[in-house]
Amino acid sequence: MHFDFQAIGRALPFLMDGLAFTFELTAVACIGGLILGTGMAIIRQLQVPVASRLVSVYVTLMRCIPLILVLFWFFFLVPLILGYLSATGRPIPLGPKTTAFVTFTMFEAAYYAEIVRSGFKAIHKGQYEGAKALGLSTTTMYASVIIPQVLSATAPIIVTQTIILFQDTALVYVLSLNDFLGIAARIAQRDGKLVEFYTFVAIVYFILCSVGSELAERLRRKAPTTVRRVKSFRVLGLPLP
Amino acid sequence: MSFLFEQTTDGNTYFSWLMSGLLWTLFLWVVSGVAAFVIGLTVGSFRTAPSLILQVIGRCYVQVFRNIPLIVQAFLWYFVFPEIVPASFGNYIKSVPPPWASFIPAVIALSLYTGSRVAEQIRAGIKALPDGQLKAAHALGMSTLQSYWLLLIPQALRITLPTLTSEALGLLKNTSVALTIGLLELTAQAQQINEFTFKTFGAFGSATIIYLVTALAVYQVAAFVERIVEIPGTGKTASRG
C-alpha cells in the first residue's frame with residue numbers, strides 16, 4: 001500500500017475551508033440551540049399551557065427520529081411551508097447551507113432543552129424560594145439566579161453534547177455540502193485517493209474530539225461550585241409511561 | 001396516504017418499499033446491537049480490570065471509536081478497509097453482492113462505535129458498585145474472571161439498564177447512517193419514494209411514524225424489563241437520578 005501524502009498537502013487549503021464550515025455550523029447550532037433549548041426548558045418548567053405540551057411533543061419527536069431524516073424533512077418541507085405562508089404561495093427554496101444551519105439548531109435545541117431541564121431539577125428548591133422571597137420577578141429569577149447555576153451544573157454534559165454535535169455535522173454529507181468530510185470526499189473521488197483522504201479525515205476528527213473529551217473530563221473533575229453536578233441525563237429516554 | 005399502495009416501477013407498492021426498508025433497519029439494529037453489547041461488556045470490564053494492560057487497551061478502544069464520527073467510520077470500513085488489506089482479501093470483499101457489501105461494513109461500524117459508548121456505561125455501572133465486592137469474591141476463592149461474570153457484571157447491568165435503553169434507541173437512529181454507504185434502509189427508502197412520487201409529506205411522514213412507533217415499542221419493552229430485573233429495594237423513587 002502506497003500512501004500519497006502529497007495529494008493531501010495539495011488539497012489542504014480546501015480541506016481547511018471545509019473544516020472552517022464544520023466549525024461554523026457547530027458554533028451556530030450550539031449557540032442557537034442553547035438559546036432555543038433554554039427557552040423550551042423554561043416553557044416546560046413554568047408549565048405554560050399548550051406551549052409546554054407542544055415543546056414536549058417536539059422534543060420527543062426530535063429524539064426519536066434519525067438526524068438524516070430530520071435533514072431531509074427540513075430540506076424538502078421547510079421551503080413548502082415557507083411558500084405556503086408567503087403571499088405568492090410558491091415554494092421558497094432554502095438551499096442546503098441554510099437548511100443545515102436551521103436543522104442543526106432546531107435539532108440540538110431539543111437535546112439542550114433536556115439537558116437544561118435536568119439542570120433545573122438539580123437546583124435546590126431553596127434557590128427558587130429564596131429568589132421569590134426577595135421579590136425577584138420570574139424573569140430576573142431565571143436570568144440572574146437559576147440559569148447561571150444550571151449552566152455551571154450542566155457544563156460537562158453540554159460540552160459532551162457539543163462534541164456529539166460536532167461529529168454529527170459530518171452528516172450534512174447527505175445534502176452534498178462542502179463541510180470537512182464533504183470536501184474531502186469530493187477531492188478523494190476526483191483524485192482517486194479515497195484511502196488517503198478518509199484516513200486523514202478520521203485522524204483530524206479523532207484529534208479534535210479527543211481534545212474536546214479531555215475538556216469535558218476536566219470540567220467534570222473540577223470541584224462543583226454551588227450546586228451539585230448533573231452527572232448524566234437520559235438523552236434518548238422518553239417520559240416514563 | 002393512498003399513494004403508498006400504488007404500483008412502483010419494479011411492480012411492488014411503495015408500502016412494500018417502506019417495509020423492506022424497515023426490515024433492513026431492524027436487521028441492522030439487532031445484529032449491531034448484539035455485537036455492540038458484547039463488545040461493550042468486554043471493553044467496559046477491561047476498563048475496570050485490575051490489570052493495567054487491559055485498562056490501557058480498554059481506554060484506547062473507547063478513545064478511538066468514540067472520537068471519530070460514525071459516518072467517517074462507515075466510510076473507513078466501506079472504502080478504505082478493502083484497499084489496505086492484502087489484495088486477495090480486498091478483492092474478495094469487493095466481490096460481495098450489493099446489499100451485503102453495504103450491510104457488513106455498516107454492522108462493523110455501528111457495533112464498534114456503539115460498543116465504545118456501551119463500554120463507558122458498563123464501566124460506570126461497575127464503578128458504582130462498592131470496592132469490597134471484588135475483594136469479597138476473591139476471598140471466597142473466585143477468580144477475577146468469575147467475579148466479573150457472576151457478580152459484578154450482573155449488578156452493573158441492572159444499574160445501567162436505563163442508559164443502555166437510551167443507547168439502543170440511539171443505535172436505532174444511527175442505523176440511518178448506513179444509507180450513505182448504499183444500504184436501502186428505512187430513511188433511504190423514504191427518500192427514494194419522495195424522489196419517485198414527490199409526495200414529500202407522505203414519504204417522510206410514514207418513515208417518521210415508523211421510527212416513532214418502533215422507538216416507543218422498544219421503550220415499553222425496556223421499561224418492562226427494568227421492572228422485572230430491578231434490584232429489590234431500589235425502586236423507581238430510589239434510583240432516579
# chains A, B, ... in the order shown; residues from 1 in each chain; ligands from 1
call {"tool": "interface_residues", "arguments": {"of": "chain B", "to": "chain A", "cutoff": "9 Å", "atoms": "only C-alpha atoms", "output": "PDB file with N, CA and C atoms, in the first residue's frame"}}
result
ATOM      1  N   GLN B  63     -11.361   5.590  23.284  1.00  0.00           N
ATOM      2  CA  GLN B  63     -10.895   6.850  22.715  1.00  0.00           C
ATOM      3  C   GLN B  63     -11.050   6.857  21.192  1.00  0.00           C
ATOM      4  N   VAL B  64     -10.563   5.788  20.559  1.00  0.00           N
ATOM      5  CA  VAL B  64     -10.540   5.757  19.091  1.00  0.00           C
ATOM      6  C   VAL B  64     -11.964   5.726  18.537  1.00  0.00           C
ATOM      7  N   PHE B  65     -12.780   4.807  19.041  1.00  0.00           N
ATOM      8  CA  PHE B  65     -14.061   4.608  18.366  1.00  0.00           C
ATOM      9  C   PHE B  65     -15.123   5.620  18.770  1.00  0.00           C
ATOM     10  N   ARG B  66     -14.907   6.319  19.884  1.00  0.00           N
ATOM     11  CA  ARG B  66     -15.897   7.316  20.266  1.00  0.00           C
ATOM     12  C   ARG B  66     -15.597   8.668  19.645  1.00  0.00           C
ATOM     13  N   ASN B  67     -14.346   8.882  19.265  1.00  0.00           N
ATOM     14  CA  ASN B  67     -13.960  10.217  18.820  1.00  0.00           C
ATOM     15  C   ASN B  67     -13.887  10.384  17.306  1.00  0.00           C
ATOM     16  N   ILE B  68     -14.326   9.377  16.573  1.00  0.00           N
ATOM     17  CA  ILE B  68     -14.401   9.526  15.115  1.00  0.00           C
ATOM     18  C   ILE B  68     -15.876   9.459  14.737  1.00  0.00           C
ATOM     19  N   PRO B  69     -16.372  10.442  13.956  1.00  0.00           N
ATOM     20  CA  PRO B  69     -17.795  10.426  13.623  1.00  0.00           C
ATOM     21  C   PRO B  69     -18.197   9.102  12.969  1.00  0.00           C
ATOM     22  N   LEU B  70     -19.409   8.659  13.279  1.00  0.00           N
ATOM     23  CA  LEU B  70     -19.885   7.376  12.774  1.00  0.00           C
ATOM     24  C   LEU B  70     -19.820   7.286  11.251  1.00  0.00           C
ATOM     25  N   ILE B  71     -20.204   8.361  10.576  1.00  0.00           N
ATOM     26  CA  ILE B  71     -20.233   8.324   9.106  1.00  0.00           C
ATOM     27  C   ILE B  71     -18.812   8.128   8.563  1.00  0.00           C
ATOM     28  N   VAL B  72     -17.820   8.742   9.235  1.00  0.00           N
ATOM     29  CA  VAL B  72     -16.433   8.583   8.803  1.00  0.00           C
ATOM     30  C   VAL B  72     -15.984   7.132   9.035  1.00  0.00           C
ATOM     31  N   GLN B  73     -16.393   6.554  10.177  1.00  0.00           N
ATOM     32  CA  GLN B  73     -16.058   5.151  10.439  1.00  0.00           C
ATOM     33  C   GLN B  73     -16.684   4.242   9.386  1.00  0.00           C
ATOM     34  N   PHE B  75     -17.344   5.033   6.317  1.00  0.00           N
ATOM     35  CA  PHE B  75     -16.552   5.207   5.092  1.00  0.00           C
ATOM     36  C   PHE B  75     -15.241   4.431   5.180  1.00  0.00           C
ATOM     37  N   LEU B  76     -14.635   4.451   6.387  1.00  0.00           N
ATOM     38  CA  LEU B  76     -13.364   3.728   6.538  1.00  0.00           C
ATOM     39  C   LEU B  76     -13.571   2.249   6.246  1.00  0.00           C
ATOM     40  N   PHE B  79     -14.876   2.026   2.211  1.00  0.00           N
ATOM     41  CA  PHE B  79     -13.977   2.432   1.131  1.00  0.00           C
ATOM     42  C   PHE B  79     -12.521   2.068   1.401  1.00  0.00           C
ATOM     43  N   VAL B  80     -12.074   2.270   2.649  1.00  0.00           N
ATOM     44  CA  VAL B  80     -10.643   2.176   2.930  1.00  0.00           C
ATOM     45  C   VAL B  80     -10.205   0.751   3.257  1.00  0.00           C
ATOM     46  N   PHE B  81     -10.987   0.071   4.082  1.00  0.00           N
ATOM     47  CA  PHE B  81     -10.580  -1.262   4.546  1.00  0.00           C
ATOM     48  C   PHE B  81     -10.224  -2.230   3.414  1.00  0.00           C
ATOM     49  N   GLU B  83      -8.994  -1.687   0.674  1.00  0.00           N
ATOM     50  CA  GLU B  83      -7.770  -1.259  -0.030  1.00  0.00           C
ATOM     51  C   GLU B  83      -6.509  -1.544   0.764  1.00  0.00           C
ATOM     52  N   ILE B  84      -6.629  -1.564   2.096  1.00  0.00           N
ATOM     53  CA  ILE B  84      -5.402  -1.687   2.879  1.00  0.00           C
ATOM     54  C   ILE B  84      -5.102  -3.116   3.309  1.00  0.00           C
ATOM     55  N   VAL B  85      -6.072  -4.040   3.122  1.00  0.00           N
ATOM     56  CA  VAL B  85      -5.782  -5.436   3.435  1.00  0.00           C
ATOM     57  C   VAL B  85      -5.098  -6.056   2.221  1.00  0.00           C
ATOM     58  N   PRO B  86      -4.459  -7.248   2.380  1.00  0.00           N
ATOM     59  CA  PRO B  86      -3.838  -7.906   1.229  1.00  0.00           C
ATOM     60  C   PRO B  86      -4.812  -8.010   0.051  1.00  0.00           C
ATOM     61  N   PRO B 162     -31.280   1.635  32.294  1.00  0.00           N
ATOM     62  CA  PRO B 162     -31.906   2.814  31.684  1.00  0.00           C
ATOM     63  C   PRO B 162     -31.023   3.471  30.628  1.00  0.00           C
ATOM     64  N   THR B 163     -29.713   3.605  30.908  1.00  0.00           N
ATOM     65  CA  THR B 163     -28.855   4.254  29.908  1.00  0.00           C
ATOM     66  C   THR B 163     -28.628   3.327  28.716  1.00  0.00           C
ATOM     67  N   THR B 165     -30.883   1.442  27.493  1.00  0.00           N
ATOM     68  CA  THR B 165     -32.071   1.652  26.658  1.00  0.00           C
ATOM     69  C   THR B 165     -31.860   2.860  25.753  1.00  0.00           C
ATOM     70  N   SER B 166     -31.344   3.940  26.337  1.00  0.00           N
ATOM     71  CA  SER B 166     -31.059   5.129  25.533  1.00  0.00           C
ATOM     72  C   SER B 166     -30.102   4.792  24.398  1.00  0.00           C
ATOM     73  N   GLU B 167     -29.080   4.000  24.727  1.00  0.00           N
ATOM     74  CA  GLU B 167     -28.099   3.611  23.720  1.00  0.00           C
ATOM     75  C   GLU B 167     -28.768   2.814  22.600  1.00  0.00           C
ATOM     76  N   LEU B 169     -31.876   2.958  21.638  1.00  0.00           N
ATOM     77  CA  LEU B 169     -32.673   3.855  20.805  1.00  0.00           C
ATOM     78  C   LEU B 169     -31.760   4.717  19.937  1.00  0.00           C
ATOM     79  N   GLY B 170     -30.620   5.115  20.487  1.00  0.00           N
ATOM     80  CA  GLY B 170     -29.649   5.884  19.705  1.00  0.00           C
ATOM     81  C   GLY B 170     -29.146   5.072  18.522  1.00  0.00           C
ATOM     82  N   LEU B 172     -30.757   2.693  17.033  1.00  0.00           N
ATOM     83  CA  LEU B 172     -31.845   2.585  16.044  1.00  0.00           C
ATOM     84  C   LEU B 172     -31.804   3.772  15.085  1.00  0.00           C
ATOM     85  N   LYS B 173     -31.553   4.969  15.653  1.00  0.00           N
ATOM     86  CA  LYS B 173     -31.492   6.158  14.803  1.00  0.00           C
ATOM     87  C   LYS B 173     -30.214   6.174  13.975  1.00  0.00           C
ATOM     88  N   ASN B 174     -29.121   5.705  14.591  1.00  0.00           N
ATOM     89  CA  ASN B 174     -27.844   5.741  13.874  1.00  0.00           C
ATOM     90  C   ASN B 174     -27.801   4.788  12.690  1.00  0.00           C
ATOM     91  N   THR B 175     -28.691   3.768  12.666  1.00  0.00           N
ATOM     92  CA  THR B 175     -28.663   2.843  11.522  1.00  0.00           C
ATOM     93  C   THR B 175     -28.876   3.589  10.208  1.00  0.00           C
ATOM     94  N   SER B 176     -29.489   4.794  10.280  1.00  0.00           N
ATOM     95  CA  SER B 176     -29.754   5.520   9.038  1.00  0.00           C
ATOM     96  C   SER B 176     -28.464   5.958   8.360  1.00  0.00           C
ATOM     97  N   VAL B 177     -27.360   5.990   9.110  1.00  0.00           N
ATOM     98  CA  VAL B 177     -26.080   6.363   8.510  1.00  0.00           C
ATOM     99  C   VAL B 177     -25.695   5.362   7.411  1.00  0.00           C
ATOM    100  N   THR B 180     -25.609   6.187   3.662  1.00  0.00           N
ATOM    101  CA  THR B 180     -24.509   6.883   2.987  1.00  0.00           C
ATOM    102  C   THR B 180     -23.542   5.906   2.328  1.00  0.00           C
ATOM    103  N   THR B 187     -34.815   5.158   6.033  1.00  0.00           N
ATOM    104  CA  THR B 187     -34.689   6.560   5.606  1.00  0.00           C
ATOM    105  C   THR B 187     -34.400   6.643   4.108  1.00  0.00           C
ATOM    106  N   ALA B 188     -33.540   5.738   3.624  1.00  0.00           N
ATOM    107  CA  ALA B 188     -33.204   5.740   2.203  1.00  0.00           C
ATOM    108  C   ALA B 188     -34.442   5.444   1.361  1.00  0.00           C
ATOM    109  N   ALA B 190     -37.571   6.064   2.178  1.00  0.00           N
ATOM    110  CA  ALA B 190     -38.438   7.241   2.230  1.00  0.00           C
ATOM    111  C   ALA B 190     -37.962   8.291   1.237  1.00  0.00           C
ATOM    112  N   GLN B 191     -36.654   8.500   1.213  1.00  0.00           N
ATOM    113  CA  GLN B 191     -36.057   9.465   0.297  1.00  0.00           C
ATOM    114  C   GLN B 191     -36.321   9.052  -1.151  1.00  0.00           C
ATOM    115  N   THR B 200     -43.734  14.490  -0.672  1.00  0.00           N
ATOM    116  CA  THR B 200     -42.745  14.670   0.387  1.00  0.00           C
ATOM    117  C   THR B 200     -43.319  14.363   1.761  1.00  0.00           C
ATOM    118  N   PHE B 201     -44.491  14.935   2.004  1.00  0.00           N
ATOM    119  CA  PHE B 201     -45.079  14.814   3.327  1.00  0.00           C
ATOM    120  C   PHE B 201     -45.398  13.358   3.646  1.00  0.00           C
ATOM    121  N   PHE B 204     -41.883  11.084   3.963  1.00  0.00           N
ATOM    122  CA  PHE B 204     -41.118  11.277   5.206  1.00  0.00           C
ATOM    123  C   PHE B 204     -42.004  11.096   6.432  1.00  0.00           C
ATOM    124  N   GLY B 205     -43.298  11.448   6.270  1.00  0.00           N
ATOM    125  CA  GLY B 205     -44.231  11.249   7.382  1.00  0.00           C
ATOM    126  C   GLY B 205     -44.335   9.780   7.746  1.00  0.00           C
ATOM    127  N   ALA B 207     -42.147   7.367   7.235  1.00  0.00           N
ATOM    128  CA  ALA B 207     -40.907   6.913   7.867  1.00  0.00           C
ATOM    129  C   ALA B 207     -40.839   7.416   9.309  1.00  0.00           C
ATOM    130  N   THR B 208     -41.236   8.690   9.507  1.00  0.00           N
ATOM    131  CA  THR B 208     -41.192   9.251  10.860  1.00  0.00           C
ATOM    132  C   THR B 208     -42.082   8.452  11.798  1.00  0.00           C
ATOM    133  N   ILE B 209     -43.290   8.134  11.323  1.00  0.00           N
ATOM    134  CA  ILE B 209     -44.215   7.384  12.180  1.00  0.00           C
ATOM    135  C   ILE B 209     -43.640   6.010  12.499  1.00  0.00           C
ATOM    136  N   TYR B 211     -40.475   5.090  12.642  1.00  0.00           N
ATOM    137  CA  TYR B 211     -39.404   5.234  13.637  1.00  0.00           C
ATOM    138  C   TYR B 211     -39.994   5.480  15.020  1.00  0.00           C
ATOM    139  N   LEU B 212     -41.001   6.350  15.063  1.00  0.00           N
ATOM    140  CA  LEU B 212     -41.607   6.729  16.337  1.00  0.00           C
ATOM    141  C   LEU B 212     -42.228   5.511  17.016  1.00  0.00           C
ATOM    142  N   ALA B 215     -39.529   3.108  18.204  1.00  0.00           N
ATOM    143  CA  ALA B 215     -38.843   3.605  19.399  1.00  0.00           C
ATOM    144  C   ALA B 215     -39.732   3.448  20.632  1.00  0.00           C
ATOM    145  N   LEU B 216     -41.023   3.768  20.480  1.00  0.00           N
ATOM    146  CA  LEU B 216     -41.926   3.657  21.625  1.00  0.00           C
ATOM    147  C   LEU B 216     -42.062   2.202  22.062  1.00  0.00           C
ATOM    148  N   TYR B 219     -39.057   1.198  23.881  1.00  0.00           N
ATOM    149  CA  TYR B 219     -39.049   1.836  25.189  1.00  0.00           C
ATOM    150  C   TYR B 219     -39.962   1.108  26.175  1.00  0.00           C
ATOM    151  N   GLN B 220     -41.135   0.695  25.677  1.00  0.00           N
ATOM    152  CA  GLN B 220     -42.066  -0.021  26.559  1.00  0.00           C
ATOM    153  C   GLN B 220     -41.462  -1.341  27.027  1.00  0.00           C
ATOM    154  N   ALA B 223     -38.854  -0.653  29.609  1.00  0.00           N
ATOM    155  CA  ALA B 223     -39.427  -0.265  30.901  1.00  0.00           C
ATOM    156  C   ALA B 223     -39.930  -1.515  31.626  1.00  0.00           C
ATOM    157  N   GLY B 241     -32.118   9.411  38.953  1.00  0.00           N
ATOM    158  CA  GLY B 241     -31.053  10.369  39.204  1.00  0.00           C
ATOM    159  C   GLY B 241     -30.152  10.547  38.093  1.00  0.00           C
TER     160      GLY B 241
END
call {"tool": "select_by_dssp", "arguments": {"residues": "region 43-221 of chain A", "states": "helix (DSSP H, G or I)", "output": "JSON, numbers by chain"}}
result
{"A": [43, 44, 45, 51, 52, 53, 54, 55, 56, 57, 58, 59, 60, 61, 62, 63, 64, 67, 68, 69, 70, 71, 72, 73, 74, 75, 76, 77, 78, 79, 80, 81, 82, 83, 84, 85, 96, 97, 98, 99, 100, 101, 102, 103, 104, 105, 106, 107, 108, 109, 110, 111, 112, 113, 114, 115, 116, 117, 118, 119, 120, 121, 122, 125, 126, 127, 128, 129, 130, 131, 132, 133, 138, 139, 140, 141, 142, 143, 144, 145, 146, 147, 148, 149, 150, 151, 152, 153, 154, 155, 156, 157, 158, 159, 160, 161, 162, 163, 164, 165, 166, 167, 168, 169, 170, 171, 172, 173, 174, 175, 180, 181, 182, 183, 184, 185, 186, 187, 188, 189, 190, 191, 194, 195, 196, 197, 198, 199, 200, 201, 202, 203, 204, 205, 206, 207, 208, 209, 210, 211, 212, 213, 214, 215, 216, 217, 218, 219, 220, 221]}
call {"tool": "closest_residue", "arguments": {"among": "B:Pro82, B:Arg59, B:Leu171, B:Ala35", "to": "Val96 (chain B)", "atoms": "only C-alpha atoms"}}
result
B:Pro82
call {"tool": "residues_around", "arguments": {"residues": "Glu24 (chain A)", "least_positions_apart": "3", "cutoff": "12 Å", "atoms": "only C-alpha atoms", "output": "PyMOL selection string"}}
result
chain A and resi 17-21+27-32+97+100-101+104-105+165-166+169+179-180
call {"tool": "atom_distance", "arguments": {"atom1": "CA of Glu214 (chain A)", "atom2": "CA of Gly33 (chain A)"}}
result
22.7 Å
call {"tool": "residues_around", "arguments": {"residues": "region 139-146 of chain A", "least_positions_apart": "5", "cutoff": "12 Å", "atoms": "only C-alpha atoms", "output": "ChimeraX atom specification"}}
result
/A:38-39,41-43,45-46,116-117,119-134,151-153,226-227
call {"tool": "write_last_selection", "arguments": {"atoms": "C-alpha atoms", "output": "PDB file, in the first residue's frame"}}
result
ATOM      1  CA  THR A  38     -33.120  27.058  27.342  1.00  0.00           C
ATOM      2  CA  GLY A  39     -36.305  28.814  26.211  1.00  0.00           C
ATOM      3  CA  ALA A  41     -36.829  24.189  29.060  1.00  0.00           C
ATOM      4  CA  ILE A  42     -38.213  27.313  30.762  1.00  0.00           C
ATOM      5  CA  ILE A  43     -41.548  26.869  28.997  1.00  0.00           C
ATOM      6  CA  GLN A  45     -40.532  24.331  33.766  1.00  0.00           C
ATOM      7  CA  LEU A  46     -43.176  27.058  34.087  1.00  0.00           C
ATOM      8  CA  VAL A 116     -31.146  22.356  30.860  1.00  0.00           C
ATOM      9  CA  ARG A 117     -34.323  20.766  32.228  1.00  0.00           C
ATOM     10  CA  GLY A 119     -30.300  21.137  35.458  1.00  0.00           C
ATOM     11  CA  PHE A 120     -33.470  22.852  36.710  1.00  0.00           C
ATOM     12  CA  LYS A 121     -34.296  19.721  38.657  1.00  0.00           C
ATOM     13  CA  ALA A 122     -30.804  19.541  40.174  1.00  0.00           C
ATOM     14  CA  ILE A 123     -31.047  23.008  41.663  1.00  0.00           C
ATOM     15  CA  HIS A 124     -32.102  23.156  45.257  1.00  0.00           C
ATOM     16  CA  LYS A 125     -35.675  24.220  45.859  1.00  0.00           C
ATOM     17  CA  GLY A 126     -34.438  26.881  48.265  1.00  0.00           C
ATOM     18  CA  GLN A 127     -32.908  28.809  45.379  1.00  0.00           C
ATOM     19  CA  TYR A 128     -36.336  29.277  43.782  1.00  0.00           C
ATOM     20  CA  GLU A 129     -37.945  30.053  47.129  1.00  0.00           C
ATOM     21  CA  GLY A 130     -35.158  32.450  48.090  1.00  0.00           C
ATOM     22  CA  ALA A 131     -35.494  34.352  44.833  1.00  0.00           C
ATOM     23  CA  LYS A 132     -39.266  34.562  45.318  1.00  0.00           C
ATOM     24  CA  ALA A 133     -38.837  35.733  48.912  1.00  0.00           C
ATOM     25  CA  LEU A 134     -36.511  38.506  47.744  1.00  0.00           C
ATOM     26  CA  LEU A 151     -25.210  26.252  33.069  1.00  0.00           C
ATOM     27  CA  SER A 152     -22.444  25.655  35.555  1.00  0.00           C
ATOM     28  CA  ALA A 153     -24.007  22.421  36.815  1.00  0.00           C
ATOM     29  CA  THR A 226     -22.594  25.978  44.462  1.00  0.00           C
ATOM     30  CA  VAL A 227     -24.766  23.210  43.054  1.00  0.00           C
TER      31      VAL A 227
END
